[in-house]
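S.K.: What follows is my_file_8.pdb, made up of PDB, C-alpha atoms:
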```pdb
ATOM      1  CA  ALA W  18     -24.860 -46.830  26.998
ATOM      2  CA  GLN W  19     -27.516 -47.819  24.516
ATOM      3  CA  LYS W  20     -26.920 -51.084  22.761
ATOM      4  CA  ILE W  21     -28.910 -50.091  19.677
ATOM      5  CA  THR W  22     -29.011 -46.511  18.437
ATOM      6  CA  GLN W  23     -31.348 -45.249  15.760
ATOM      7  CA  THR W  24     -30.610 -41.561  15.315
ATOM      8  CA  GLN W  25     -33.445 -40.704  12.909
ATOM      9  CA  PRO W  26     -36.771 -40.252  14.721
ATOM     10  CA  GLY W  27     -38.510 -39.687  11.389
ATOM     11  CA  MET W  28     -37.753 -39.951   7.691
ATOM     12  CA  PHE W  29     -39.646 -38.757   4.632
ATOM     13  CA  VAL W  30     -39.263 -40.223   1.178
ATOM     14  CA  GLN W  31     -41.141 -40.016  -2.084
ATOM     15  CA  GLU W  32     -42.651 -43.057  -3.625
ATOM     16  CA  LYS W  33     -40.233 -45.063  -5.811
ATOM     17  CA  GLU W  34     -37.166 -43.499  -4.217
ATOM     18  CA  ALA W  35     -34.652 -45.392  -2.081
ATOM     19  CA  VAL W  36     -34.222 -44.648   1.616
ATOM     20  CA  THR W  37     -31.613 -45.625   4.221
ATOM     21  CA  LEU W  38     -32.508 -46.054   7.877
ATOM     22  CA  ASP W  39     -29.533 -45.859  10.222
ATOM     23  CA  CYS W  40     -28.645 -48.261  13.011
ATOM     24  CA  THR W  41     -25.516 -48.543  15.122
ATOM     25  CA  TYR W  42     -24.947 -51.113  17.834
ATOM     26  CA  ASP W  43     -22.658 -51.796  20.726
ATOM     27  CA  THR W  44     -21.533 -55.231  21.855
ATOM     28  CA  SER W  45     -18.410 -57.006  22.997
ATOM     29  CA  ASP W  46     -19.785 -60.405  22.009
ATOM     30  CA  PRO W  47     -18.120 -61.721  18.808
ATOM     31  CA  SER W  48     -21.252 -63.702  17.919
ATOM     32  CA  TYR W  49     -24.465 -61.725  17.495
ATOM     33  CA  GLY W  50     -27.360 -61.227  15.135
ATOM     34  CA  LEU W  51     -28.894 -58.049  13.763
ATOM     35  CA  PHE W  52     -32.530 -57.756  12.729
ATOM     36  CA  TRP W  53     -34.860 -55.202  11.255
ATOM     37  CA  TYR W  54     -38.582 -55.179  11.968
ATOM     38  CA  LYS W  55     -41.441 -53.130  10.569
ATOM     39  CA  GLN W  56     -44.353 -52.066  12.770
ATOM     40  CA  PRO W  57     -47.410 -50.662  10.955
ATOM     41  CA  SER W  58     -50.041 -48.707  12.837
ATOM     42  CA  SER W  59     -51.816 -51.982  13.649
ATOM     43  CA  GLY W  60     -48.993 -52.773  16.087
ATOM     44  CA  GLU W  61     -47.846 -56.114  14.712
ATOM     45  CA  MET W  62     -44.107 -56.675  14.358
ATOM     46  CA  ILE W  63     -43.062 -57.850  10.903
ATOM     47  CA  PHE W  64     -39.611 -59.360  10.434
ATOM     48  CA  LEU W  65     -37.766 -57.905   7.435
ATOM     49  CA  ILE W  66     -34.143 -59.008   7.340
ATOM     50  CA  TYR W  67     -31.363 -60.648   9.350
ATOM     51  CA  GLN W  68     -27.566 -60.295   9.372
ATOM     52  CA  GLY W  69     -25.262 -62.548  11.342
ATOM     53  CA  SER W  70     -22.028 -61.169  12.742
ATOM     54  CA  TYR W  71     -19.991 -63.723  10.808
ATOM     55  CA  ASP W  72     -21.802 -63.271   7.513
ATOM     56  CA  GLN W  73     -19.414 -62.039   4.863
ATOM     57  CA  GLN W  74     -22.033 -60.647   2.524
ATOM     58  CA  ASN W  75     -24.726 -58.096   3.160
ATOM     59  CA  ALA W  76     -28.169 -59.601   3.579
ATOM     60  CA  THR W  77     -30.874 -58.918   1.001
ATOM     61  CA  GLU W  78     -34.583 -59.745   0.969
ATOM     62  CA  GLY W  79     -36.450 -58.394  -2.025
ATOM     63  CA  ARG W  80     -36.505 -54.585  -1.772
ATOM     64  CA  TYR W  81     -34.701 -54.683   1.574
ATOM     65  CA  SER W  82     -30.961 -54.851   2.011
ATOM     66  CA  LEU W  83     -28.776 -54.462   5.051
ATOM     67  CA  ASN W  84     -25.602 -52.397   4.745
ATOM     68  CA  PHE W  85     -23.441 -54.165   7.332
ATOM     69  CA  GLN W  86     -20.214 -52.415   8.315
ATOM     70  CA  LYS W  87     -18.824 -54.489  11.142
ATOM     71  CA  ALA W  88     -15.831 -52.310  12.011
ATOM     72  CA  ARG W  89     -18.115 -49.307  12.373
ATOM     73  CA  LYS W  90     -20.765 -51.388  14.181
ATOM     74  CA  SER W  91     -23.329 -50.199  11.706
ATOM     75  CA  ALA W  92     -26.305 -52.097  10.241
ATOM     76  CA  ASN W  93     -28.308 -49.714   8.083
ATOM     77  CA  LEU W  94     -31.495 -50.807   6.331
ATOM     78  CA  VAL W  95     -31.881 -49.800   2.698
ATOM     79  CA  ILE W  96     -35.340 -49.875   1.138
ATOM     80  CA  SER W  97     -35.262 -49.549  -2.613
ATOM     81  CA  ALA W  98     -38.195 -48.251  -4.654
ATOM     82  CA  SER W  99     -40.304 -47.128  -1.678
ATOM     83  CA  GLN W 100     -44.015 -47.855  -1.720
ATOM     84  CA  LEU W 101     -46.861 -46.156   0.133
ATOM     85  CA  GLY W 102     -47.298 -49.327   2.181
ATOM     86  CA  ASP W 103     -43.780 -48.926   3.544
ATOM     87  CA  SER W 104     -45.001 -46.123   5.816
ATOM     88  CA  ALA W 105     -44.475 -47.509   9.315
ATOM     89  CA  MET W 106     -42.126 -47.605  12.301
ATOM     90  CA  TYR W 107     -38.883 -49.478  11.687
ATOM     91  CA  PHE W 108     -36.884 -51.058  14.478
ATOM     92  CA  CYS W 109     -33.333 -52.325  14.513
ATOM     93  CA  ALA W 110     -32.607 -55.117  17.004
ATOM     94  CA  MET W 111     -29.630 -57.148  18.172
ATOM     95  CA  ARG W 112     -29.476 -60.608  19.645
ATOM     96  CA  GLU W 113     -26.588 -61.508  21.914
ATOM     97  CA  GLU W 114     -25.753 -64.476  24.062
ATOM     98  CA  LEU W 115     -24.841 -63.306  27.546
ATOM     99  CA  SER W 116     -23.915 -65.889  30.201
ATOM    100  CA  GLY W 117     -25.775 -68.550  28.293
ATOM    101  CA  TYR W 118     -28.906 -66.490  27.820
ATOM    102  CA  SER W 119     -30.100 -65.068  24.539
ATOM    103  CA  THR W 120     -31.373 -61.489  24.710
ATOM    104  CA  LEU W 121     -32.975 -59.397  22.005
ATOM    105  CA  THR W 122     -32.569 -55.628  22.344
ATOM    106  CA  PHE W 123     -34.385 -53.027  20.234
ATOM    107  CA  GLY W 124     -33.631 -49.467  19.243
ATOM    108  CA  LYS W 125     -36.176 -46.662  19.645
ATOM    109  CA  GLY W 126     -37.226 -46.843  16.043
ATOM    110  CA  THR W 127     -37.537 -44.619  12.986
ATOM    111  CA  MET W 128     -40.905 -43.513  11.614
ATOM    112  CA  LEU W 129     -40.869 -43.668   7.820
ATOM    113  CA  LEU W 130     -43.447 -41.746   5.805
ATOM    114  CA  VAL W 131     -43.706 -42.393   2.089
ATOM    115  CA  SER W 132     -45.462 -39.701   0.071
ATOM    116  CA  PRO W 133     -47.017 -40.053  -3.407
TER     117      PRO W 133
ATOM    118  CA  ASP C   2     -51.048 -72.730  11.807
ATOM    119  CA  GLY C   3     -48.068 -72.142  14.098
ATOM    120  CA  GLY C   4     -47.717 -68.858  15.886
ATOM    121  CA  ILE C   5     -47.920 -66.840  19.062
ATOM    122  CA  THR C   6     -51.226 -65.920  20.636
ATOM    123  CA  GLN C   7     -51.604 -63.091  23.074
ATOM    124  CA  SER C   8     -54.805 -62.470  24.927
ATOM    125  CA  PRO C   9     -56.696 -60.353  25.508
ATOM    126  CA  LYS C  10     -56.115 -57.749  22.808
ATOM    127  CA  TYR C  11     -57.392 -54.935  25.046
ATOM    128  CA  LEU C  12     -57.361 -54.936  28.835
ATOM    129  CA  PHE C  13     -58.570 -52.417  31.343
ATOM    130  CA  ARG C  14     -57.457 -52.465  34.933
ATOM    131  CA  LYS C  15     -58.281 -50.477  37.989
ATOM    132  CA  GLU C  16     -55.446 -48.986  39.959
ATOM    133  CA  GLY C  17     -54.170 -51.340  42.638
ATOM    134  CA  GLN C  18     -55.174 -54.513  40.820
ATOM    135  CA  ASN C  19     -52.900 -57.206  39.502
ATOM    136  CA  VAL C  20     -53.566 -58.398  35.962
ATOM    137  CA  THR C  21     -52.138 -61.296  33.934
ATOM    138  CA  LEU C  22     -51.426 -61.174  30.209
ATOM    139  CA  SER C  23     -51.412 -64.468  28.379
ATOM    140  CA  CYS C  24     -48.823 -65.586  25.808
ATOM    141  CA  GLU C  25     -48.971 -69.024  24.170
ATOM    142  CA  GLN C  26     -46.832 -70.360  21.315
ATOM    143  CA  ASN C  27     -47.015 -73.595  19.347
ATOM    144  CA  LEU C  28     -43.747 -73.102  17.488
ATOM    145  CA  ASN C  29     -41.745 -75.304  19.859
ATOM    146  CA  HIS C  30     -39.442 -72.376  20.573
ATOM    147  CA  ASP C  31     -37.242 -72.436  23.646
ATOM    148  CA  ALA C  32     -36.763 -68.695  24.133
ATOM    149  CA  MET C  33     -39.632 -66.366  24.983
ATOM    150  CA  TYR C  34     -39.651 -62.638  25.686
ATOM    151  CA  TRP C  35     -41.931 -59.919  27.042
ATOM    152  CA  TYR C  36     -41.599 -56.324  25.875
ATOM    153  CA  ARG C  37     -43.288 -53.098  26.792
ATOM    154  CA  GLN C  38     -43.851 -50.372  24.208
ATOM    155  CA  ASP C  39     -44.912 -46.819  25.080
ATOM    156  CA  PRO C  40     -46.250 -44.385  22.443
ATOM    157  CA  GLY C  41     -43.518 -43.338  20.042
ATOM    158  CA  GLN C  42     -40.984 -45.510  21.820
ATOM    159  CA  GLY C  43     -39.063 -48.650  21.085
ATOM    160  CA  LEU C  44     -39.528 -52.002  22.757
ATOM    161  CA  ARG C  45     -38.104 -52.415  26.231
ATOM    162  CA  LEU C  46     -37.363 -55.877  27.574
ATOM    163  CA  ILE C  47     -39.250 -56.869  30.719
ATOM    164  CA  TYR C  48     -38.431 -60.567  31.181
ATOM    165  CA  TYR C  49     -37.059 -63.377  29.073
ATOM    166  CA  SER C  50     -36.859 -67.128  29.406
ATOM    167  CA  GLN C  51     -34.593 -69.658  27.768
ATOM    168  CA  ILE C  52     -36.055 -72.863  29.204
ATOM    169  CA  VAL C  53     -38.909 -74.088  31.353
ATOM    170  CA  ASN C  54     -38.779 -73.002  35.003
ATOM    171  CA  ASP C  55     -36.056 -70.459  34.291
ATOM    172  CA  PHE C  56     -36.348 -66.774  33.454
ATOM    173  CA  GLN C  57     -34.272 -63.628  33.675
ATOM    174  CA  LYS C  58     -35.055 -59.997  34.391
ATOM    175  CA  GLY C  59     -34.786 -57.582  31.526
ATOM    176  CA  ASP C  60     -34.219 -53.849  31.665
ATOM    177  CA  ILE C  61     -37.547 -52.897  33.270
ATOM    178  CA  ALA C  62     -38.633 -55.889  35.386
ATOM    179  CA  GLU C  63     -39.755 -53.917  38.453
ATOM    180  CA  GLY C  64     -43.486 -54.281  39.050
ATOM    181  CA  TYR C  65     -43.788 -57.326  36.793
ATOM    182  CA  SER C  66     -43.600 -61.069  37.347
ATOM    183  CA  VAL C  67     -43.574 -64.093  35.027
ATOM    184  CA  SER C  68     -43.672 -67.867  35.128
ATOM    185  CA  ARG C  69     -42.552 -70.551  32.673
ATOM    186  CA  GLU C  70     -44.156 -73.787  33.816
ATOM    187  CA  LYS C  71     -44.625 -75.048  30.249
ATOM    188  CA  LYS C  72     -42.565 -74.512  27.141
ATOM    189  CA  GLU C  73     -45.585 -73.155  25.300
ATOM    190  CA  SER C  74     -46.677 -70.594  27.861
ATOM    191  CA  PHE C  75     -45.075 -67.446  29.319
ATOM    192  CA  PRO C  76     -47.683 -65.357  31.169
ATOM    193  CA  LEU C  77     -46.853 -61.871  32.428
ATOM    194  CA  THR C  78     -48.409 -60.434  35.589
ATOM    195  CA  VAL C  79     -48.524 -56.680  35.949
ATOM    196  CA  THR C  80     -48.637 -56.073  39.671
ATOM    197  CA  SER C  81     -49.938 -53.117  41.627
ATOM    198  CA  ALA C  82     -46.300 -52.194  42.250
ATOM    199  CA  GLN C  83     -45.943 -51.125  38.612
ATOM    200  CA  LYS C  84     -46.470 -47.364  38.820
ATOM    201  CA  ASN C  85     -47.282 -46.666  35.204
ATOM    202  CA  PRO C  86     -48.618 -49.850  33.610
ATOM    203  CA  THR C  87     -50.575 -48.309  30.722
ATOM    204  CA  ALA C  88     -48.719 -49.501  27.612
ATOM    205  CA  PHE C  89     -48.677 -51.921  24.684
ATOM    206  CA  TYR C  90     -47.231 -55.318  25.638
ATOM    207  CA  LEU C  91     -45.662 -57.660  23.116
ATOM    208  CA  CYS C  92     -44.662 -61.276  23.587
ATOM    209  CA  ALA C  93     -42.125 -62.967  21.315
ATOM    210  CA  SER C  94     -40.411 -66.304  20.889
ATOM    211  CA  SER C  95     -37.398 -67.567  18.999
ATOM    212  CA  VAL C  96     -35.544 -70.787  18.396
ATOM    213  CA  GLY C  97     -31.952 -69.680  18.150
ATOM    214  CA  LEU C  98     -29.384 -66.938  17.901
ATOM    215  CA  ASN C  99     -29.518 -66.549  14.140
ATOM    216  CA  THR C 100     -33.249 -66.750  13.556
ATOM    217  CA  GLU C 101     -35.859 -64.069  13.844
ATOM    218  CA  ALA C 102     -38.174 -63.684  16.806
ATOM    219  CA  PHE C 103     -41.868 -64.169  16.140
ATOM    220  CA  PHE C 104     -44.267 -61.775  17.820
ATOM    221  CA  GLY C 105     -47.810 -61.967  19.053
ATOM    222  CA  GLN C 106     -50.385 -59.338  18.137
ATOM    223  CA  GLY C 107     -49.911 -57.534  21.438
ATOM    224  CA  THR C 108     -52.078 -56.561  24.410
ATOM    225  CA  ARG C 109     -52.971 -52.949  25.023
ATOM    226  CA  LEU C 110     -53.308 -52.403  28.770
ATOM    227  CA  THR C 111     -55.025 -49.316  30.126
ATOM    228  CA  VAL C 112     -55.315 -48.396  33.789
ATOM    229  CA  VAL C 113     -58.603 -46.659  34.564
TER     230      VAL C 113
END
```
Take the structure in the file and give it back as C-alpha cells.
M.R.:
Amino acid sequence: AQKITQTQPGMFVQEKEAVTLDCTYDTSDPSYGLFWYKQPSSGEMIFLIYQGSYDQQNATEGRYSLNFQKARKSANLVISASQLGDSAMYFCAMREELSGYSTLTFGKGTMLLVSP
Amino acid sequence: DGGITQSPKYLFRKEGQNVTLSCEQNLNHDAMYWYRQDPGQGLRLIYYSQIVNDFQKGDIAEGYSVSREKKESFPLTVTSAQKNPTAFYLCASSVGLNTEAFFGQGTRLTVV
C-alpha cells in the first residue's frame, strides 16, 4: 500500500483564488512528520510547510496552511490567493522513524496550474 | 553559505558503464537520502543513511550502490545492472524528525 497518496494529478485555479491539494498518508508510527514541497520546472525542491503528528494546531506559513485531520490521516495543503508563480508540482511527504532509521517518503505529486 | 551540492548537473553515460553522482553537504546533517524522479512522477527512495559507515536500502535500490565514509558526503553509483537509469536524481539531507529535508539541485542522467 502507498504510504502517501495524492489523488489529484492536476489542478487548475484562477489567480487570486484559493486551492486545496489533497494528501492522505498511512503509518502505524505514532510519531511522524508531514511536509509539503514545491517543485518548479527548474527541478529544485522548495520546502513549504511542516506538520508534526503531535501538533495540536494546523501549521501555517504565509499563504500556505496545512489542514491536518489526524483521525482521517489527511494533510491537505491550502494555498490562499493563488499567484501565477505558484504554478508547479506539489509533493506531500512523510517522515517516519522505523527501527531507528528516519525515512522520508513522497507522494506522486499534483501539478498546479494558475491562470490569469 | 550552507547547503547541498550535487554534481554534475547533467551526465551522459554509455550503456554498460558505471557512473557516480556526487552529493556533498556542509549543513552538519546526520541523515542523507538519494531519490530518483522520472518524468511526471514523484520521488522514489533509493538509499538513505543515518550515520557514517551505515546506510539502508530504499524502495528501488537494485542497480545502485552508495557509500558514507564522511558525514558530508554520500555519493551514489549507478551500476550497469540498473536497467533503466535515465532519470533525475536528487540528494537530500536532514537533521531530525521534525525538520525539513534540504535538497540539492539534482543531476539529470541520460544513457546514450
S.K.: With 12 Å as the threshold, what does the neighbourhood of (-49.9, -45.4, 36.9) contain in terms of residues, counting only C-alpha atoms? Coordinates are those of the file; answer as a list in words.
M.R.: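 Those residues lying close to the given coordinates are Arg14, Lys15, Glu16, Gly17, Gln18, Gly64, Val79, Thr80, Ser81, Ala82, Gln83, Lys84, Asn85, Pro86, Thr87, Ala88, Leu110, Thr111, Val112 and Val113 of chain C.
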S.K.: Which distance in Å separates atom CA of W:Pro47 and atom CA of W:Tyr118, to one decimal?
M.R.: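 Computing the Euclidean distance for atom CA of W:Pro47 and atom CA of W:Tyr118 yields 14.8 Å.
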S.K.: Show me a table, sorted first by chain and then by increasing residue number, of the residues of chain W having an atom at most 6 Å from chain C, each with its shortest atom pair and the distance in Å to one decimal, counting all atoms listed in the file and written as CSV.
M.R.:
```
residue,atom,partner,partner_atom,distance
W:Gly50,CA,C:Asn99,CA,5.8
W:Glu61,CA,C:Gln106,CA,5.3
W:Phe123,CA,C:Leu44,CA,5.8
W:Gly124,CA,C:Gly43,CA,5.8
W:Lys125,CA,C:Gly43,CA,3.8
W:Gly126,CA,C:Gly43,CA,5.7
```
S.K.: Please evaluate the PyMOL selection byres ((chain W and resi 103) around 8) against the structure above and give the resulting residues as a ChimeraX atom specification.
M.R.: /W:99-102,104-105,129-131
S.K.: Quick check on the file I pasted: which residues fall under the PyMOL selection byres ((chain W and resi 70) around 10)? Write them as a PDB file with C-alpha atoms, in the frame of the given file.
M.R.:
```pdb
ATOM      1  CA  ASP W  46     -19.785 -60.405  22.009  1.00  0.00           C
ATOM      2  CA  PRO W  47     -18.120 -61.721  18.808  1.00  0.00           C
ATOM      3  CA  SER W  48     -21.252 -63.702  17.919  1.00  0.00           C
ATOM      4  CA  TYR W  49     -24.465 -61.725  17.495  1.00  0.00           C
ATOM      5  CA  GLY W  50     -27.360 -61.227  15.135  1.00  0.00           C
ATOM      6  CA  LEU W  51     -28.894 -58.049  13.763  1.00  0.00           C
ATOM      7  CA  TYR W  67     -31.363 -60.648   9.350  1.00  0.00           C
ATOM      8  CA  GLN W  68     -27.566 -60.295   9.372  1.00  0.00           C
ATOM      9  CA  GLY W  69     -25.262 -62.548  11.342  1.00  0.00           C
ATOM     10  CA  TYR W  71     -19.991 -63.723  10.808  1.00  0.00           C
ATOM     11  CA  ASP W  72     -21.802 -63.271   7.513  1.00  0.00           C
ATOM     12  CA  GLN W  73     -19.414 -62.039   4.863  1.00  0.00           C
ATOM     13  CA  PHE W  85     -23.441 -54.165   7.332  1.00  0.00           C
ATOM     14  CA  GLN W  86     -20.214 -52.415   8.315  1.00  0.00           C
ATOM     15  CA  LYS W  87     -18.824 -54.489  11.142  1.00  0.00           C
ATOM     16  CA  LYS W  90     -20.765 -51.388  14.181  1.00  0.00           C
TER      17      LYS W  90
ATOM     18  CA  ASN C  99     -29.518 -66.549  14.140  1.00  0.00           C
TER      19      ASN C  99
END
```
S.K.: When the PyMOL selection byres ((chain W and resi 75) around 6) is applied to the structure above, which residues does it catch, written out as a list in words?
M.R.: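 That expression, the PyMOL selection byres ((chain W and resi 75) around 6), corresponds here to Gln74, Ala76, Leu83, Asn84 and Phe85 of chain W.
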S.K.: Report the distance between atom CA of W:Glu34 and atom CA of W:Met111 in Å, rounded to one decimal place.
M.R.: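 Answer for the atom CA of W:Glu34 to atom CA of W:Met111 separation: 27.3 Å.
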S.K.: If I take atom CA of C:Ser68 and atom CA of W:Glu114, how far is one from the other in Å, to one decimal?
M.R.: 21.3 Å
S.K.: Could you work out an axis-aligned box for stretch 98-103 of chain W, taking every atom the file lists and adding 5 Å on each side, and report centre and edge lengths in Å to one decimal, as JSON?
M.R.:
```
{"center_x": -42.7, "center_y": -47.7, "center_z": -0.6, "size_x": 19.1, "size_y": 13.2, "size_z": 18.2}
```
S.K.: For W:Ser97, which residue out of W:Ser116, W:Gln31, W:Gln25, W:Ser59 is the nearest one, using all atoms listed in the file?
M.R.: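 Of all the options, W:Gln31 lies closest to W:Ser97.
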S.K.: At a cut-off of 12 Å, using all atoms listed in the file, what residues contact W:Ala98? Leave out same-chain residues fewer than 5 positions from it and give the result as a list in words.
M.R.: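 Selected residues are Val30, Gln31, Glu32, Lys33, Glu34, Ala35, Val36, Thr37, Gly79, Arg80, Tyr81, Ser82, Asp103 and Val131 of chain W.
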S.K.: Nearest residue to W:Leu94 out of W:Asp39, W:Lys55, W:Ser119, W:Phe64, using all atoms listed in the file?
M.R.: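 The closest residue to W:Leu94 is W:Asp39.
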S.K.: Select, from C:Ala62, C:Glu73, C:Leu12, C:Tyr90, the residue with the minimum atom-to-atom distance to C:Asn29, counting only C-alpha atoms.
M.R.: C:Glu73
S.K.: Would you mind putting N, CA, C and O atoms back on stretch 89-109 of chain W and writing the result as a PDB file, in the frame of the given file?
M.R.:
```pdb
ATOM      1  N   ARG W  89     -17.430 -50.510  11.903  1.00  0.00           N
ATOM      2  CA  ARG W  89     -18.115 -49.307  12.373  1.00  0.00           C
ATOM      3  C   ARG W  89     -19.304 -49.642  13.254  1.00  0.00           C
ATOM      4  O   ARG W  89     -19.976 -48.740  13.752  1.00  0.00           O
ATOM      5  N   LYS W  90     -19.603 -50.939  13.411  1.00  0.00           N
ATOM      6  CA  LYS W  90     -20.765 -51.388  14.181  1.00  0.00           C
ATOM      7  C   LYS W  90     -22.033 -50.704  13.662  1.00  0.00           C
ATOM      8  O   LYS W  90     -22.796 -50.093  14.423  1.00  0.00           O
ATOM      9  N   SER W  91     -22.211 -50.848  12.374  1.00  0.00           N
ATOM     10  CA  SER W  91     -23.329 -50.199  11.706  1.00  0.00           C
ATOM     11  C   SER W  91     -24.111 -51.238  10.916  1.00  0.00           C
ATOM     12  O   SER W  91     -23.524 -52.122  10.281  1.00  0.00           O
ATOM     13  N   ALA W  92     -25.444 -51.131  10.944  1.00  0.00           N
ATOM     14  CA  ALA W  92     -26.305 -52.097  10.241  1.00  0.00           C
ATOM     15  C   ALA W  92     -27.497 -51.346   9.662  1.00  0.00           C
ATOM     16  O   ALA W  92     -28.637 -51.504  10.127  1.00  0.00           O
ATOM     17  N   ASN W  93     -27.258 -50.555   8.655  1.00  0.00           N
ATOM     18  CA  ASN W  93     -28.308 -49.714   8.083  1.00  0.00           C
ATOM     19  C   ASN W  93     -29.222 -50.507   7.162  1.00  0.00           C
ATOM     20  O   ASN W  93     -28.773 -51.351   6.394  1.00  0.00           O
ATOM     21  N   LEU W  94     -30.504 -50.180   7.218  1.00  0.00           N
ATOM     22  CA  LEU W  94     -31.495 -50.807   6.331  1.00  0.00           C
ATOM     23  C   LEU W  94     -31.707 -49.920   5.108  1.00  0.00           C
ATOM     24  O   LEU W  94     -31.945 -48.722   5.253  1.00  0.00           O
ATOM     25  N   VAL W  95     -31.626 -50.518   3.937  1.00  0.00           N
ATOM     26  CA  VAL W  95     -31.881 -49.800   2.698  1.00  0.00           C
ATOM     27  C   VAL W  95     -33.151 -50.359   2.073  1.00  0.00           C
ATOM     28  O   VAL W  95     -33.259 -51.575   1.864  1.00  0.00           O
ATOM     29  N   ILE W  96     -34.109 -49.480   1.821  1.00  0.00           N
ATOM     30  CA  ILE W  96     -35.340 -49.875   1.138  1.00  0.00           C
ATOM     31  C   ILE W  96     -35.281 -49.251  -0.247  1.00  0.00           C
ATOM     32  O   ILE W  96     -35.212 -48.013  -0.377  1.00  0.00           O
ATOM     33  N   SER W  97     -35.296 -50.078  -1.250  1.00  0.00           N
ATOM     34  CA  SER W  97     -35.262 -49.549  -2.613  1.00  0.00           C
ATOM     35  C   SER W  97     -36.688 -49.369  -3.121  1.00  0.00           C
ATOM     36  O   SER W  97     -37.611 -50.044  -2.648  1.00  0.00           O
ATOM     37  N   ALA W  98     -36.889 -48.453  -4.010  1.00  0.00           N
ATOM     38  CA  ALA W  98     -38.195 -48.251  -4.654  1.00  0.00           C
ATOM     39  C   ALA W  98     -39.326 -48.231  -3.635  1.00  0.00           C
ATOM     40  O   ALA W  98     -40.198 -49.108  -3.615  1.00  0.00           O
ATOM     41  N   SER W  99     -39.321 -47.218  -2.759  1.00  0.00           N
ATOM     42  CA  SER W  99     -40.304 -47.128  -1.678  1.00  0.00           C
ATOM     43  C   SER W  99     -41.728 -47.168  -2.208  1.00  0.00           C
ATOM     44  O   SER W  99     -42.031 -46.639  -3.288  1.00  0.00           O
ATOM     45  N   GLN W 100     -42.588 -47.782  -1.399  1.00  0.00           N
ATOM     46  CA  GLN W 100     -44.015 -47.855  -1.720  1.00  0.00           C
ATOM     47  C   GLN W 100     -44.802 -47.214  -0.580  1.00  0.00           C
ATOM     48  O   GLN W 100     -44.319 -47.117   0.544  1.00  0.00           O
ATOM     49  N   LEU W 101     -46.033 -46.803  -0.890  1.00  0.00           N
ATOM     50  CA  LEU W 101     -46.861 -46.156   0.133  1.00  0.00           C
ATOM     51  C   LEU W 101     -47.044 -47.066   1.342  1.00  0.00           C
ATOM     52  O   LEU W 101     -47.090 -46.610   2.488  1.00  0.00           O
ATOM     53  N   GLY W 102     -47.127 -48.359   1.095  1.00  0.00           N
ATOM     54  CA  GLY W 102     -47.298 -49.327   2.181  1.00  0.00           C
ATOM     55  C   GLY W 102     -46.079 -49.495   3.058  1.00  0.00           C
ATOM     56  O   GLY W 102     -46.152 -50.184   4.087  1.00  0.00           O
ATOM     57  N   ASP W 103     -44.983 -48.862   2.709  1.00  0.00           N
ATOM     58  CA  ASP W 103     -43.780 -48.926   3.544  1.00  0.00           C
ATOM     59  C   ASP W 103     -43.863 -47.951   4.722  1.00  0.00           C
ATOM     60  O   ASP W 103     -43.022 -47.997   5.628  1.00  0.00           O
ATOM     61  N   SER W 104     -44.847 -47.066   4.707  1.00  0.00           N
ATOM     62  CA  SER W 104     -45.001 -46.123   5.816  1.00  0.00           C
ATOM     63  C   SER W 104     -45.283 -46.886   7.100  1.00  0.00           C
ATOM     64  O   SER W 104     -46.288 -47.601   7.206  1.00  0.00           O
ATOM     65  N   ALA W 105     -44.394 -46.732   8.078  1.00  0.00           N
ATOM     66  CA  ALA W 105     -44.475 -47.509   9.315  1.00  0.00           C
ATOM     67  C   ALA W 105     -43.306 -47.118  10.209  1.00  0.00           C
ATOM     68  O   ALA W 105     -42.437 -46.339   9.820  1.00  0.00           O
ATOM     69  N   MET W 106     -43.302 -47.705  11.426  1.00  0.00           N
ATOM     70  CA  MET W 106     -42.126 -47.605  12.301  1.00  0.00           C
ATOM     71  C   MET W 106     -41.183 -48.747  11.947  1.00  0.00           C
ATOM     72  O   MET W 106     -41.638 -49.874  11.679  1.00  0.00           O
ATOM     73  N   TYR W 107     -39.894 -48.464  11.982  1.00  0.00           N
ATOM     74  CA  TYR W 107     -38.883 -49.478  11.687  1.00  0.00           C
ATOM     75  C   TYR W 107     -37.928 -49.577  12.865  1.00  0.00           C
ATOM     76  O   TYR W 107     -37.409 -48.574  13.351  1.00  0.00           O
ATOM     77  N   PHE W 108     -37.733 -50.816  13.320  1.00  0.00           N
ATOM     78  CA  PHE W 108     -36.884 -51.058  14.478  1.00  0.00           C
ATOM     79  C   PHE W 108     -35.693 -51.936  14.099  1.00  0.00           C
ATOM     80  O   PHE W 108     -35.841 -52.960  13.427  1.00  0.00           O
ATOM     81  N   CYS W 109     -34.544 -51.520  14.597  1.00  0.00           N
ATOM     82  CA  CYS W 109     -33.333 -52.325  14.513  1.00  0.00           C
ATOM     83  C   CYS W 109     -33.191 -53.072  15.843  1.00  0.00           C
ATOM     84  O   CYS W 109     -33.512 -52.518  16.906  1.00  0.00           O
TER      85      CYS W 109
END
```
